[in-house]
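Asker: Attaching a single structure in C-alpha cells format; questions to follow.
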Amino acid sequence: MPARIIDGKAEAERLRKRIAVAVGELKSRHGLTPGLAVVLVGEDPASQVYVRNKARQTVEVGMNSWEHRLDASTSEADLLALVDRLNNDPAVHAILVQLPLPGHIDTDKVINSLDPDKDVDGFHVINAGRLATGQNALVACTPVGCVILAKQALGRLDGLEAVVIGRSNIVGKPVAQLLLKENCTVTIAHSRTRDLPAVCRRADLLIAAVGRPRMVTADWIKPGACVIDVGINRIEENGKARIVGDVDFAGAVEVAGAITPVPGGVGPMTIASLLRNTVRAACAQAELPVANMG
Ligand SMILES: NC(=O)c1ccc[n+]([C@@H]2O[C@H](COP(=O)([O-])OP(=O)(O)OC[C@H]3O[C@@H](n4cnc5c(N)ncnc54)[C@H](OP(=O)(O)O)[C@@H]3O)[C@@H](O)[C@H]2O)c1
C-alpha cells in the first residue's frame, strides 16, 4: 500500500490559524503585539522570495513586520549597527538575518551579535547550547517543522530509531537534538558514514537533509518507516525546471508508511515555525507564559 502523504501545507495552515488566535489573545489581554524584523543583504532571488513570504505571513497572523533591505555592498560594521539597533528596540521581539550573507561579511559574527532571546532562527551559539543542554531555547525553524510533521504522522516518537542524514548547524544537528528530546534513539549520518543505505534501513523515522537530488532510494527505507524530506534541490528535467527533494519520492512512496512531498512538505512548515518562534520570543520578553499554539 502506498505511503500516507504528510501534507505540510495543510499542517502549516492549521498552525498559522492557532498562531493568529494566540496573537489575538496577546493583543486583547496584554496589549502585546509580537514583532518580527527581517534583514536582507543583497539581491539573492531565492532570499527575496523567502523574505517577502515571511513578511506577508507575519502580517496575516496579526503581528508587526519590518523588512530591512540593505545593499549587497553594505559593510559588516553597518550590518552590526543595524542588529544592535534592533536588539535594543522593545517593539522588535524577533530578528532574522536572511542567509546567505555576502562573502565579505562574517556570518557567525553577525549571528552571534543577535540578542539570543530575539534570535528567532535559533542559530546563535547560546540557543544551540541551550538546546543541547535541554534548556528553554529558540530552536531553528526547519527542524521544529520536521518534528511537528513526524509527530503528526506517528504520534509519540518515544523509543523510535531515528536516522538523520546531514549534520549542518541549521538542520541536521538541531533536528537530531529535538528527536533526542522526544526520546528517539538518534543516529546522525553524513558524507563519511559507512554503508549509509544499511544505516538508513534501521530507521523508523528517516530525516534527509543533504541537498542531493533523490539520493535516498526505496531500497534504503525500512518498510512502513516515516520519511521526512528536507531537501530543496533545483534540477532540470525534460527541459523543465523542477524542485525535488533528497528522497526519490516515486520509489519511496511505495515502501514508506508516511512521507513528506517536495514541494508541499517541510518547506511550508519553516515559515509557520518562524511565526511560532516569534510569539514564543515575545511572550518570554514580556514575562508572560508561552501562548498555547499546539
Ligand atoms: N525545507 C526547508 O525549509 C529547508 C531549510 C533549510 C535547508 N533545506 C534544504 O535541506 C538540504 C540540506 O540543507 P543544509 O543547509 O543542512 O545543507 P548543508 O549545510 O550542505 O549540509 C548537508 C549535509 O549533508 C551531508 N552530505 C552531503 N553529501 C552526502 C552524502 N553523499 N551522503 C551522506 N551525507 C551527505 C553533509 O555531510 P558532511 O557534513 O560530511 O559534509 C552535510 O552534513 C538542502 O537541500 C537545503 O536546500 C530546506
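All residue names refer to the C-alpha cells as shown: chains lettered A, B, ... in order, residues numbered from 1 in each chain, ligands numbered from 1 in order.
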With only C-alpha atoms and all ligand atoms counted, collect every polymer residue having an atom within 10 Å of ligand 1; state the result as a ChimeraX atom specification.
Answerer: /A:50,140-143,145-146,164-173,188-197,208-213,215-216,229-234,243-246,262-271
Asker: Enumerate, as a PyMOL selection string, the complete set of residues in stretch 236-278 of chain A that a backbone-based DSSP assignment places in strand (DSSP E).
Answerer: chain A and resi 236-237+240-244+258-259
Asker: Just write the chosen residues, C-alpha atoms, as a PDB file, in the first residue's frame.
Answerer:
ATOM      1  CA  GLU A 236      16.196  20.476 -14.868  1.00  0.00           C
ATOM      2  CA  GLU A 237      14.221  17.529 -16.215  1.00  0.00           C
ATOM      3  CA  LYS A 240      11.766  21.961 -17.362  1.00  0.00           C
ATOM      4  CA  ALA A 241      12.963  23.441 -14.075  1.00  0.00           C
ATOM      5  CA  ARG A 242      11.745  21.399 -11.087  1.00  0.00           C
ATOM      6  CA  ILE A 243      12.230  21.277  -7.345  1.00  0.00           C
ATOM      7  CA  VAL A 244      12.855  17.818  -5.907  1.00  0.00           C
ATOM      8  CA  ALA A 258       4.280   8.057   5.624  1.00  0.00           C
ATOM      9  CA  ILE A 259       6.295  10.566   3.625  1.00  0.00           C
TER      10      ILE A 259
END
Asker: For A:Leu274, which residue out of A:Pro102, A:Pro90, A:Gly8, A:Gly122 is the nearest one, using only C-alpha atoms?
Answerer: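 Smallest distance to A:Leu274 is found for A:Gly122.
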Asker: Just checking: using only C-alpha atoms, which residue out of A:Leu26, A:Ala256, A:Ile95, A:Leu80 ends up closest to A:Asp115?
Answerer: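 For A:Asp115, the nearest of the candidates is A:Ile95.
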Asker: As a PyMOL selection string, please: all residues of stretch 44-216 of chain A that backbone DSSP puts in helix (DSSP H, G or I).
Answerer: chain A and resi 45-60+76-87+107-111+116-118+125-132+141-154+172-181+196-201
Asker: Smallest atom-to-atom distance to A:Pro2: which of A:Pro100, A:Ala252, A:Asp44, A:Ala137, using only C-alpha atoms?
Answerer: A:Ala252
Asker: Please determine, counting only C-alpha atoms, which residue among A:Val38, A:Ile6, A:Met63, A:Ile228 has the shortest atom-to-atom distance to A:Val23.
Answerer: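 Distance minimum relative to A:Val23 lands on A:Met63.
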Asker: With only C-alpha atoms as the basis for distance, which of A:Ala12, A:Ala128, A:Ile221, A:Val110 is at the shortest distance from A:Leu79?
Answerer: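 Among the listed residues, the smallest separation from A:Leu79 belongs to A:Val110.
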Asker: Please determine, counting only C-alpha atoms, which residue among A:Gln135, A:Thr187, A:Gln98, A:Asn292 has the shortest atom-to-atom distance to A:Asp119.
Answerer: A:Gln98
